[in-house]
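**Student:** Structure file data12.cif (mmCIF, C-alpha atoms and all ligand atoms) right here:
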data_entry
#
loop_
_atom_site.group_PDB
_atom_site.id
_atom_site.type_symbol
_atom_site.label_atom_id
_atom_site.label_comp_id
_atom_site.auth_asym_id
_atom_site.auth_seq_id
_atom_site.Cartn_x
_atom_site.Cartn_y
_atom_site.Cartn_z
ATOM 1 C CA ALA O 183 -6.005 -37.671 17.420
ATOM 2 C CA ARG O 184 -6.955 -34.234 16.244
ATOM 3 C CA ARG O 185 -7.838 -34.223 12.530
ATOM 4 C CA LEU O 186 -6.491 -31.339 10.521
ATOM 5 C CA ILE O 187 -5.669 -29.963 7.111
ATOM 6 C CA LEU O 188 -2.599 -27.763 6.688
ATOM 7 C CA ASP O 189 -2.639 -24.986 4.085
ATOM 8 C CA VAL O 190 0.921 -23.936 3.278
ATOM 9 C CA ASP O 191 3.198 -21.797 1.090
ATOM 10 C CA THR O 192 6.326 -23.853 1.759
ATOM 11 C CA GLY O 193 8.874 -22.057 2.780
ATOM 12 C CA THR O 194 11.376 -23.119 5.415
ATOM 13 C CA ASP O 195 9.106 -22.511 8.398
ATOM 14 C CA ASP O 196 6.124 -24.138 6.654
ATOM 15 C CA ALA O 197 8.410 -27.150 6.130
ATOM 16 C CA VAL O 198 8.997 -27.490 9.861
ATOM 17 C CA ALA O 199 5.265 -27.179 10.536
ATOM 18 C CA ILE O 200 4.487 -29.870 7.953
ATOM 19 C CA MET O 201 7.002 -32.282 9.494
ATOM 20 C CA HIS O 202 5.635 -31.614 12.958
ATOM 21 C CA ALA O 203 2.004 -32.136 11.941
ATOM 22 C CA ALA O 204 2.770 -35.217 9.829
ATOM 23 C CA LEU O 205 4.831 -36.929 12.530
ATOM 24 C CA HIS O 206 3.086 -36.010 15.768
ATOM 25 C CA PRO O 207 1.246 -39.021 17.227
ATOM 26 C CA ASP O 208 -1.661 -36.914 18.477
ATOM 27 C CA LEU O 209 -2.269 -35.198 15.146
ATOM 28 C CA GLU O 210 -3.983 -36.805 12.206
ATOM 29 C CA LEU O 211 -2.955 -34.795 9.175
ATOM 30 C CA LEU O 212 -5.524 -35.540 6.463
ATOM 31 C CA GLY O 213 -3.971 -33.620 3.606
ATOM 32 C CA VAL O 214 -1.865 -30.608 2.712
ATOM 33 C CA THR O 215 -3.075 -27.813 0.433
ATOM 34 C CA THR O 216 -0.700 -25.332 -1.150
ATOM 35 C CA VAL O 217 -0.961 -21.678 -2.112
ATOM 36 C CA SER O 218 1.465 -19.231 -3.641
ATOM 37 C CA GLY O 219 3.220 -16.984 -1.157
ATOM 38 C CA ASN O 220 6.811 -17.369 -0.062
ATOM 39 C CA VAL O 221 7.474 -18.551 -3.619
ATOM 40 C CA GLY O 222 5.221 -19.245 -6.604
ATOM 41 C CA LEU O 223 2.662 -22.048 -6.525
ATOM 42 C CA ALA O 224 4.718 -24.563 -8.522
ATOM 43 C CA ASN O 225 7.512 -24.206 -5.985
ATOM 44 C CA THR O 226 5.368 -24.174 -2.845
ATOM 45 C CA THR O 227 3.762 -27.393 -4.107
ATOM 46 C CA ASP O 228 7.057 -29.008 -5.092
ATOM 47 C CA ASN O 229 8.659 -27.970 -1.797
ATOM 48 C CA THR O 230 5.745 -29.507 0.111
ATOM 49 C CA LEU O 231 6.216 -32.811 -1.716
ATOM 50 C CA ARG O 232 9.954 -32.726 -0.998
ATOM 51 C CA VAL O 233 9.347 -32.252 2.721
ATOM 52 C CA LEU O 234 6.872 -35.131 2.922
ATOM 53 C CA ASP O 235 9.169 -37.410 0.910
ATOM 54 C CA VAL O 236 12.146 -36.743 3.139
ATOM 55 C CA ILE O 237 10.287 -37.832 6.265
ATOM 56 C CA GLY O 238 8.818 -40.911 4.591
ATOM 57 C CA ARG O 239 5.298 -39.499 4.323
ATOM 58 C CA SER O 240 4.893 -39.521 0.522
ATOM 59 C CA ASP O 241 1.534 -41.139 1.239
ATOM 60 C CA MET O 242 0.196 -37.749 2.344
ATOM 61 C CA PRO O 243 -1.996 -36.211 -0.385
ATOM 62 C CA VAL O 244 -0.958 -32.736 -1.529
ATOM 63 C CA TYR O 245 -3.366 -30.470 -3.422
ATOM 64 C CA ALA O 246 -2.248 -27.386 -5.339
ATOM 65 C CA GLY O 247 -4.328 -24.291 -4.725
ATOM 66 C CA LEU O 248 -4.443 -20.684 -5.849
ATOM 67 C CA ALA O 249 -1.509 -19.212 -7.748
ATOM 68 C CA HIS O 250 -2.535 -15.627 -7.052
ATOM 69 C CA PRO O 251 -4.431 -13.436 -4.584
ATOM 70 C CA ILE O 252 -8.239 -13.469 -4.888
ATOM 71 C CA ALA O 253 -8.822 -9.836 -5.833
ATOM 72 C CA ARG O 254 -5.562 -8.393 -7.104
ATOM 73 C CA ARG O 255 -3.374 -8.894 -10.095
ATOM 74 C CA GLY O 256 -0.345 -8.665 -7.870
ATOM 75 C CA PHE O 257 0.755 -8.053 -4.345
ATOM 76 C CA PRO O 258 -0.103 -4.611 -2.958
ATOM 77 C CA GLY O 259 1.958 -1.940 -4.675
ATOM 78 C CA GLN O 260 3.040 -4.314 -7.434
ATOM 79 C CA LYS O 261 1.578 -4.169 -10.906
ATOM 80 C CA HIS O 262 2.014 -7.807 -11.677
ATOM 81 C CA TYR O 263 2.015 -10.850 -9.550
ATOM 82 C CA GLU O 264 5.591 -11.480 -8.561
ATOM 83 C CA ARG O 265 6.727 -14.988 -7.959
ATOM 84 C CA ASP O 266 9.538 -15.860 -5.612
ATOM 85 C CA THR O 267 8.610 -13.084 -3.250
ATOM 86 C CA ALA O 268 10.548 -14.122 -0.180
ATOM 87 C CA ARG O 269 13.261 -16.107 -1.871
ATOM 88 C CA ASP O 270 16.104 -14.551 0.106
ATOM 89 C CA MET O 271 14.732 -16.191 3.189
ATOM 90 C CA HIS O 272 13.408 -19.421 1.752
ATOM 91 C CA GLY O 273 15.188 -20.196 -1.520
ATOM 92 C CA THR O 274 13.025 -21.034 -4.517
ATOM 93 C CA SER O 275 13.461 -24.749 -3.995
ATOM 94 C CA LEU O 276 14.130 -26.068 -0.536
ATOM 95 C CA PRO O 277 17.535 -27.749 -0.170
ATOM 96 C CA LEU O 278 16.037 -31.237 -0.092
ATOM 97 C CA PRO O 279 16.155 -34.073 -2.643
ATOM 98 C CA GLU O 280 13.833 -33.724 -5.623
ATOM 99 C CA ALA O 281 10.312 -34.944 -4.961
ATOM 100 C CA ARG O 282 9.433 -38.448 -6.107
ATOM 101 C CA SER O 283 5.718 -37.999 -5.502
ATOM 102 C CA GLN O 284 3.224 -35.729 -7.238
ATOM 103 C CA ALA O 285 0.371 -33.491 -6.288
ATOM 104 C CA GLN O 286 -3.162 -34.859 -6.669
ATOM 105 C CA ASP O 287 -5.244 -34.042 -9.745
ATOM 106 C CA VAL O 288 -7.943 -32.446 -7.612
ATOM 107 C CA THR O 289 -7.338 -28.769 -6.734
ATOM 108 C CA ALA O 290 -6.967 -27.540 -3.162
ATOM 109 C CA VAL O 291 -10.291 -25.708 -3.333
ATOM 110 C CA GLU O 292 -12.120 -28.792 -4.649
ATOM 111 C CA TYR O 293 -10.501 -30.949 -1.979
ATOM 112 C CA LEU O 294 -11.402 -28.551 0.827
ATOM 113 C CA LEU O 295 -14.987 -28.198 -0.395
ATOM 114 C CA GLU O 296 -15.455 -31.931 -0.715
ATOM 115 C CA THR O 297 -13.763 -32.798 2.583
ATOM 116 C CA LEU O 298 -15.607 -30.173 4.615
ATOM 117 C CA ARG O 299 -18.952 -30.972 2.994
ATOM 118 C CA SER O 300 -18.683 -34.682 3.651
ATOM 119 C CA ALA O 301 -17.148 -34.473 7.140
ATOM 120 C CA THR O 302 -19.203 -36.165 9.819
ATOM 121 C CA GLU O 303 -17.132 -34.508 12.535
ATOM 122 C CA GLN O 304 -15.635 -31.037 12.576
ATOM 123 C CA LEU O 305 -12.054 -30.620 11.360
ATOM 124 C CA THR O 306 -9.296 -28.191 12.211
ATOM 125 C CA LEU O 307 -7.870 -25.999 9.449
ATOM 126 C CA VAL O 308 -4.398 -24.556 9.827
ATOM 127 C CA PRO O 309 -3.544 -21.989 7.132
ATOM 128 C CA VAL O 310 0.029 -20.760 7.449
ATOM 129 C CA GLY O 311 0.299 -18.884 4.154
ATOM 130 C CA PRO O 312 -1.818 -16.268 2.370
ATOM 131 C CA LEU O 313 -5.527 -17.011 2.904
ATOM 132 C CA SER O 314 -6.471 -17.254 -0.800
ATOM 133 C CA ASN O 315 -7.604 -20.900 -0.725
ATOM 134 C CA ILE O 316 -9.648 -20.583 2.449
ATOM 135 C CA ALA O 317 -11.363 -17.400 1.256
ATOM 136 C CA THR O 318 -12.227 -19.011 -2.077
ATOM 137 C CA VAL O 319 -13.812 -21.985 -0.347
ATOM 138 C CA LEU O 320 -15.883 -19.634 1.844
ATOM 139 C CA ALA O 321 -16.918 -17.550 -1.155
ATOM 140 C CA ILE O 322 -18.316 -20.712 -2.752
ATOM 141 C CA ASP O 323 -19.926 -22.078 0.394
ATOM 142 C CA PRO O 324 -19.999 -19.786 3.454
ATOM 143 C CA SER O 325 -21.813 -22.450 5.499
ATOM 144 C CA LEU O 326 -18.637 -24.509 5.629
ATOM 145 C CA VAL O 327 -17.405 -22.469 8.601
ATOM 146 C CA ASP O 328 -19.615 -24.830 10.605
ATOM 147 C CA ALA O 329 -17.532 -27.822 9.531
ATOM 148 C CA VAL O 330 -14.478 -26.324 11.228
ATOM 149 C CA ASP O 331 -13.978 -26.562 14.981
ATOM 150 C CA GLU O 332 -10.999 -24.220 14.913
ATOM 151 C CA LEU O 333 -9.131 -22.203 12.323
ATOM 152 C CA VAL O 334 -5.535 -21.624 13.420
ATOM 153 C CA VAL O 335 -3.953 -18.896 11.309
ATOM 154 C CA MET O 336 -0.330 -17.783 11.204
ATOM 155 C CA GLY O 337 -0.525 -14.164 10.233
ATOM 156 C CA GLY O 338 -0.834 -10.541 11.193
ATOM 157 C CA ALA O 339 0.967 -8.302 13.607
ATOM 158 C CA HIS O 340 -0.028 -5.947 16.379
ATOM 159 C CA ALA O 341 3.261 -4.195 17.136
ATOM 160 C CA HIS O 342 4.924 -4.192 13.722
ATOM 161 C CA GLY O 343 4.872 -6.110 10.465
ATOM 162 C CA ASN O 344 7.649 -7.749 8.510
ATOM 163 C CA VAL O 345 6.903 -6.979 4.864
ATOM 164 C CA THR O 346 5.992 -3.390 5.693
ATOM 165 C CA ALA O 347 6.066 -1.523 8.991
ATOM 166 C CA SER O 348 2.366 -2.315 9.368
ATOM 167 C CA ALA O 349 1.771 -5.614 7.630
ATOM 168 C CA GLU O 350 2.799 -9.209 8.079
ATOM 169 C CA PHE O 351 3.457 -11.154 4.875
ATOM 170 C CA ASN O 352 0.590 -13.714 4.863
ATOM 171 C CA ILE O 353 -2.078 -11.047 5.373
ATOM 172 C CA TRP O 354 -0.417 -8.467 3.106
ATOM 173 C CA ALA O 355 -0.075 -11.010 0.278
ATOM 174 C CA ASP O 356 -3.856 -11.390 0.027
ATOM 175 C CA PRO O 357 -5.562 -8.799 2.231
ATOM 176 C CA GLU O 358 -9.045 -9.268 0.724
ATOM 177 C CA ALA O 359 -8.860 -12.995 1.451
ATOM 178 C CA ALA O 360 -7.804 -12.314 5.034
ATOM 179 C CA ALA O 361 -10.636 -9.808 5.511
ATOM 180 C CA MET O 362 -13.150 -12.425 4.330
ATOM 181 C CA VAL O 363 -11.751 -15.105 6.601
ATOM 182 C CA PHE O 364 -11.762 -12.878 9.688
ATOM 183 C CA SER O 365 -15.386 -11.913 9.178
ATOM 184 C CA ALA O 366 -16.622 -15.373 8.145
ATOM 185 C CA GLY O 367 -17.927 -16.379 11.569
ATOM 186 C CA PHE O 368 -15.716 -19.319 12.504
ATOM 187 C CA GLU O 369 -16.639 -20.963 15.792
ATOM 188 C CA ARG O 370 -13.087 -20.362 16.950
ATOM 189 C CA LEU O 371 -10.375 -18.486 15.087
ATOM 190 C CA THR O 372 -6.960 -18.501 16.708
ATOM 191 C CA LEU O 373 -4.527 -16.006 15.243
ATOM 192 C CA VAL O 374 -0.796 -16.424 15.769
ATOM 193 C CA PRO O 375 0.807 -13.120 14.713
ATOM 194 C CA LEU O 376 4.430 -12.009 14.637
ATOM 195 C CA ASP O 377 4.040 -10.696 18.186
ATOM 196 C CA ALA O 378 3.955 -14.339 19.310
ATOM 197 C CA THR O 379 6.230 -15.998 16.762
ATOM 198 C CA HIS O 380 9.034 -13.488 17.358
ATOM 199 C CA GLN O 381 9.130 -14.650 20.965
ATOM 200 C CA ALA O 382 9.411 -18.359 20.176
ATOM 201 C CA LEU O 383 12.932 -18.200 18.767
ATOM 202 C CA VAL O 384 14.881 -21.343 17.928
ATOM 203 C CA THR O 385 18.639 -21.131 18.501
ATOM 204 C CA ARG O 386 21.665 -22.681 16.800
ATOM 205 C CA ALA O 387 22.124 -24.843 19.888
ATOM 206 C CA ASN O 388 18.534 -26.087 19.493
ATOM 207 C CA CYS O 389 19.317 -26.944 15.859
ATOM 208 C CA ALA O 390 22.402 -28.900 16.927
ATOM 209 C CA ALA O 391 20.215 -30.923 19.279
ATOM 210 C CA MET O 392 17.750 -31.642 16.466
ATOM 211 C CA ALA O 393 20.560 -32.711 14.138
ATOM 212 C CA ALA O 394 21.907 -34.997 16.861
ATOM 213 C CA LEU O 395 18.617 -36.915 16.926
ATOM 214 C CA GLY O 396 19.902 -38.727 13.840
ATOM 215 C CA THR O 397 16.479 -38.785 12.159
ATOM 216 C CA PRO O 398 15.527 -37.448 8.716
ATOM 217 C CA ALA O 399 13.149 -34.906 10.277
ATOM 218 C CA GLY O 400 15.709 -33.819 12.869
ATOM 219 C CA ALA O 401 18.367 -33.344 10.182
ATOM 220 C CA ALA O 402 16.039 -31.483 7.818
ATOM 221 C CA ALA O 403 14.647 -29.229 10.555
ATOM 222 C CA ALA O 404 18.144 -28.422 11.824
ATOM 223 C CA ASP O 405 19.318 -27.486 8.326
ATOM 224 C CA LEU O 406 16.253 -25.423 7.424
ATOM 225 C CA ILE O 407 16.139 -23.545 10.734
ATOM 226 C CA THR O 408 19.894 -22.890 10.544
ATOM 227 C CA ARG O 409 19.303 -21.271 7.157
ATOM 228 C CA ARG O 410 16.641 -19.096 8.734
ATOM 229 C CA ILE O 411 19.040 -18.056 11.496
ATOM 230 C CA ASP O 412 21.682 -17.200 8.871
ATOM 231 C CA ALA O 413 19.168 -15.093 6.927
ATOM 232 C CA TYR O 414 17.890 -13.311 10.017
ATOM 233 C CA SER O 415 21.387 -12.526 11.238
ATOM 234 C CA ALA O 416 22.236 -11.201 7.780
ATOM 235 C CA GLY O 417 19.673 -8.522 8.523
ATOM 236 C CA SER O 418 16.595 -9.610 6.624
ATOM 237 C CA GLY O 419 14.444 -9.793 9.722
ATOM 238 C CA ILE O 420 14.466 -9.240 13.441
ATOM 239 C CA SER O 421 17.793 -8.546 15.079
ATOM 240 C CA ALA O 422 18.567 -11.921 16.564
ATOM 241 C CA THR O 423 22.006 -13.267 15.794
ATOM 242 C CA ASP O 424 21.783 -16.838 16.937
ATOM 243 C CA ALA O 425 18.100 -17.542 16.731
ATOM 244 C CA ALA O 426 15.168 -17.185 14.383
ATOM 245 C CA PRO O 427 11.402 -17.466 14.513
ATOM 246 C CA VAL O 428 9.826 -20.538 12.896
ATOM 247 C CA HIS O 429 6.420 -18.857 12.591
ATOM 248 C CA ASP O 430 4.293 -21.629 11.122
ATOM 249 C CA ALA O 431 5.487 -24.291 13.540
ATOM 250 C CA VAL O 432 4.055 -22.293 16.442
ATOM 251 C CA CYS O 433 0.596 -23.040 14.974
ATOM 252 C CA THR O 434 1.061 -26.800 14.811
ATOM 253 C CA ALA O 435 2.719 -26.811 18.247
ATOM 254 C CA TYR O 436 -0.295 -24.902 19.574
ATOM 255 C CA LEU O 437 -2.579 -27.759 18.481
ATOM 256 C CA VAL O 438 -0.950 -30.136 20.922
ATOM 257 C CA ARG O 439 0.325 -27.589 23.451
ATOM 258 C CA PRO O 440 -2.278 -24.803 23.610
ATOM 259 C CA ASP O 441 -0.366 -23.363 26.551
ATOM 260 C CA ILE O 442 2.459 -22.407 24.170
ATOM 261 C CA VAL O 443 0.642 -19.101 23.595
ATOM 262 C CA SER O 444 -1.298 -16.609 25.680
ATOM 263 C CA THR O 445 -4.316 -15.327 23.833
ATOM 264 C CA GLN O 446 -6.761 -12.465 24.132
ATOM 265 C CA HIS O 447 -10.191 -12.541 22.490
ATOM 266 C CA VAL O 448 -10.419 -9.357 20.429
ATOM 267 C CA HIS O 449 -11.978 -7.843 17.326
ATOM 268 C CA VAL O 450 -9.602 -8.004 14.356
ATOM 269 C CA THR O 451 -10.075 -6.273 11.023
ATOM 270 C CA VAL O 452 -7.782 -6.127 7.993
ATOM 271 C CA ASP O 453 -6.909 -2.943 6.142
ATOM 272 C CA THR O 454 -7.624 -3.532 2.457
ATOM 273 C CA GLU O 455 -7.906 0.133 1.476
ATOM 274 C CA SER O 456 -4.907 2.220 2.307
ATOM 275 C CA THR O 457 -1.640 2.241 0.413
ATOM 276 C CA LEU O 458 0.421 2.959 3.520
ATOM 277 C CA THR O 459 -0.924 0.263 5.829
ATOM 278 C CA VAL O 460 -2.612 -2.261 3.510
ATOM 279 C CA GLY O 461 -2.590 -5.719 5.047
ATOM 280 C CA ARG O 462 -2.411 -4.426 8.597
ATOM 281 C CA THR O 463 -4.372 -6.486 11.127
ATOM 282 C CA VAL O 464 -6.057 -3.948 13.381
ATOM 283 C CA MET O 465 -6.536 -5.583 16.765
ATOM 284 C CA ASP O 466 -8.859 -3.681 19.038
ATOM 285 C CA THR O 467 -7.190 -4.181 22.403
ATOM 286 C CA ARG O 468 -8.770 -1.117 23.965
ATOM 287 C CA PRO O 469 -10.525 -1.714 27.278
ATOM 288 C CA ASN O 470 -13.609 -0.096 25.728
ATOM 289 C CA ALA O 471 -13.226 -1.910 22.408
ATOM 290 C CA THR O 472 -16.117 -1.836 20.000
ATOM 291 C CA GLY O 473 -16.967 -4.722 17.721
ATOM 292 C CA THR O 474 -17.587 -8.339 18.637
ATOM 293 C CA PRO O 475 -14.396 -10.303 19.268
ATOM 294 C CA ASN O 476 -13.710 -12.589 16.293
ATOM 295 C CA ALA O 477 -10.235 -13.914 17.035
ATOM 296 C CA HIS O 478 -8.241 -15.346 19.884
ATOM 297 C CA VAL O 479 -4.992 -13.522 19.278
ATOM 298 C CA ALA O 480 -1.720 -14.906 20.601
ATOM 299 C CA PHE O 481 0.221 -11.960 21.970
ATOM 300 C CA SER O 482 3.028 -14.105 23.327
ATOM 301 C CA ALA O 483 4.556 -17.530 22.845
ATOM 302 C CA HIS O 484 6.938 -19.709 24.779
ATOM 303 C CA ALA O 485 10.188 -20.673 23.031
ATOM 304 C CA ALA O 486 11.108 -23.623 25.265
ATOM 305 C CA THR O 487 7.740 -25.252 24.602
ATOM 306 C CA LEU O 488 8.199 -24.947 20.842
ATOM 307 C CA VAL O 489 11.711 -26.372 20.967
ATOM 308 C CA ALA O 490 10.658 -29.288 23.179
ATOM 309 C CA GLU O 491 7.673 -30.022 20.958
ATOM 310 C CA LEU O 492 9.776 -30.057 17.773
ATOM 311 C CA THR O 493 12.663 -31.998 19.277
ATOM 312 C CA ASN O 494 10.417 -34.677 20.784
ATOM 313 C CA THR O 495 8.382 -35.065 17.615
ATOM 314 C CA PHE O 496 11.439 -35.360 15.374
ATOM 315 C CA SER O 497 13.202 -37.922 17.603
HETATM 316 C C1 LIG U 1 4.874 -15.844 7.346
HETATM 317 O O1 LIG U 1 5.210 -15.486 6.001
HETATM 318 C C2 LIG U 1 6.002 -16.468 5.412
HETATM 319 O O2 LIG U 1 7.210 -15.909 5.030
HETATM 320 C C3 LIG U 1 6.259 -17.526 6.459
HETATM 321 O O3 LIG U 1 6.218 -18.826 5.904
HETATM 322 C C4 LIG U 1 5.183 -17.318 7.483
HETATM 323 O O4 LIG U 1 4.041 -18.077 7.212
HETATM 324 C C5 LIG U 1 5.611 -14.968 8.294
HETATM 325 O O5 LIG U 1 5.310 -13.624 8.078
HETATM 326 CA CA CA U 2 4.090 -19.841 5.563
#
Would you mind writing the file out in structure tokens?
**Tutor:**
Amino acid sequence: ARRLILDVDTGTDDAVAIMHAALHPDLELLGVTTVSGNVGLANTTDNTLRVLDVIGRSDMPVYAGLAHPIARRGFPGQKHYERDTARDMHGTSLPLPEARSQAQDVTAVEYLLETLRSATEQLTLVPVGPLSNIATVLAIDPSLVDAVDELVVMGGAHAHGNVTASAEFNIWADPEAAAMVFSAGFERLTLVPLDATHQALVTRANCAAMAALGTPAGAAAADLITRRIDAYSAGSGISATDAAPVHDAVCTAYLVRPDIVSTQHVHVTVDTESTLTVGRTVMDTRPNATGTPNAHVAFSAHAATLVAELTNTFS
């Protein structure tokens, strides 16, 4: 089984990714680290515990991470750090029973440092929120990139963003962290941007099939994805009426079904300077591109593969 750590800002789509990674027989989820993003840190951590409880995986250790971006007092263009940033889409607390378990005493950064330093074999890291925790770990010990066989990031956009015309939320929320991570020299960095996740849409019919599985994970996934579809059709995202992207789950599905995406190895940089396009991931797809490729970017993804992967795993 592939050994991994998930780094999340739970969030409805993070929730689906957590359930997938925790339940898939070929994935060995070692721990879950949290970061502020979709909602504030207390809620991303609490939501993560709720998700693990509901699927009977309260044994999974959860470590709370950074409550703010690494170099800013707030999100770009905001004076102060604003909690509950994406609450329209995600709700502050996920609609799941209150968590019975608690986060560990050790922080996410301490846990990541310790785990990567003591690992005898390389691990996979899957950050699907702002990259604040990962960047902090690398700032403390840049050599730890060597302990990671693959970093699979949900973030960025080539065609258009979601929080601004240029920027995708996870990168925009901590652009300096993203810039550090992209230039850190990981052996393999796979980037799953909106260009891919907006192709892997999950429909209401798919949700009905998940609900019909009669399992806690199937029921929870169906409810959470249905809420996403409702929010997207209400106009807070792409113009799909009966389907929604489940961004973060494309990353965990990719771990077991790499063919879910088509990637191109390109040079990616993050705009940390401008006010207009801060947080934009600039992907040099020119035939005569300059700069050494640093990311395998997924430019497309396959919806049926995602749906099959989720439905089978939740059965
Ligand atoms: C990303 O931002 C968050 O809203 C989601 O959980 C996902 O990780 C999509 O832009
Ligand atoms: Ca997320």
**Student:** Which residue out of O:Ala402, O:Val214, O:Ile187, O:Val244 has the minimum interatomic distance to Leu276 (chain O) when all atoms listed in the file are used?
**Tutor:** O:Ala402
**Student:** Step by step, work through what the PyMOL selection byres (((chain O and resi 399) around 12) and not hetatm) selects in the shown file, and finish by giving those residues as a VMD selection string.
**Tutor:** chain O and resid 197 to 206 232 to 239 278 389 392 to 398 400 to 407 492 to 497
**Student:** Given the file shown, enumerate the residues that the PyMOL selection byres (((not hetatm)) within 10 of (chain U and resi 2)) captures and present them as a PDB file with C-alpha atoms, keeping the file's coordinate frame.
**Tutor:**
ATOM      1  CA  ASP O 189      -2.639 -24.986   4.085  1.00  0.00           C
ATOM      2  CA  VAL O 190       0.921 -23.936   3.278  1.00  0.00           C
ATOM      3  CA  ASP O 191       3.198 -21.797   1.090  1.00  0.00           C
ATOM      4  CA  THR O 192       6.326 -23.853   1.759  1.00  0.00           C
ATOM      5  CA  GLY O 193       8.874 -22.057   2.780  1.00  0.00           C
ATOM      6  CA  THR O 194      11.376 -23.119   5.415  1.00  0.00           C
ATOM      7  CA  ASP O 195       9.106 -22.511   8.398  1.00  0.00           C
ATOM      8  CA  ASP O 196       6.124 -24.138   6.654  1.00  0.00           C
ATOM      9  CA  ALA O 197       8.410 -27.150   6.130  1.00  0.00           C
ATOM     10  CA  ALA O 199       5.265 -27.179  10.536  1.00  0.00           C
ATOM     11  CA  THR O 216      -0.700 -25.332  -1.150  1.00  0.00           C
ATOM     12  CA  VAL O 217      -0.961 -21.678  -2.112  1.00  0.00           C
ATOM     13  CA  SER O 218       1.465 -19.231  -3.641  1.00  0.00           C
ATOM     14  CA  GLY O 219       3.220 -16.984  -1.157  1.00  0.00           C
ATOM     15  CA  ASN O 220       6.811 -17.369  -0.062  1.00  0.00           C
ATOM     16  CA  VAL O 221       7.474 -18.551  -3.619  1.00  0.00           C
ATOM     17  CA  THR O 226       5.368 -24.174  -2.845  1.00  0.00           C
ATOM     18  CA  PRO O 309      -3.544 -21.989   7.132  1.00  0.00           C
ATOM     19  CA  VAL O 310       0.029 -20.760   7.449  1.00  0.00           C
ATOM     20  CA  GLY O 311       0.299 -18.884   4.154  1.00  0.00           C
ATOM     21  CA  PRO O 312      -1.818 -16.268   2.370  1.00  0.00           C
ATOM     22  CA  VAL O 335      -3.953 -18.896  11.309  1.00  0.00           C
ATOM     23  CA  MET O 336      -0.330 -17.783  11.204  1.00  0.00           C
ATOM     24  CA  GLY O 337      -0.525 -14.164  10.233  1.00  0.00           C
ATOM     25  CA  PHE O 351       3.457 -11.154   4.875  1.00  0.00           C
ATOM     26  CA  ASN O 352       0.590 -13.714   4.863  1.00  0.00           C
ATOM     27  CA  VAL O 428       9.826 -20.538  12.896  1.00  0.00           C
ATOM     28  CA  HIS O 429       6.420 -18.857  12.591  1.00  0.00           C
ATOM     29  CA  ASP O 430       4.293 -21.629  11.122  1.00  0.00           C
ATOM     30  CA  ALA O 431       5.487 -24.291  13.540  1.00  0.00           C
TER      31      ALA O 431
END
**Student:** Around the point (-13.9, -2.2, 15.8) in the file's coordinates, collect all residues with an atom within 8 Å, using all atoms listed in the file, and return them as JSON, numbers by chain.
**Tutor:** {"O": [449, 450, 451, 466, 471, 472, 473, 474]}
**Student:** With distances taken over all atoms listed in the file, which residue among O:Ala490, O:Asn225, O:Ser275, O:Glu332 lies nearest Glu369 (chain O)?
**Tutor:**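 When distances to Glu369 (chain O) are compared using all atoms listed in the file, the smallest one comes from O:Glu332.
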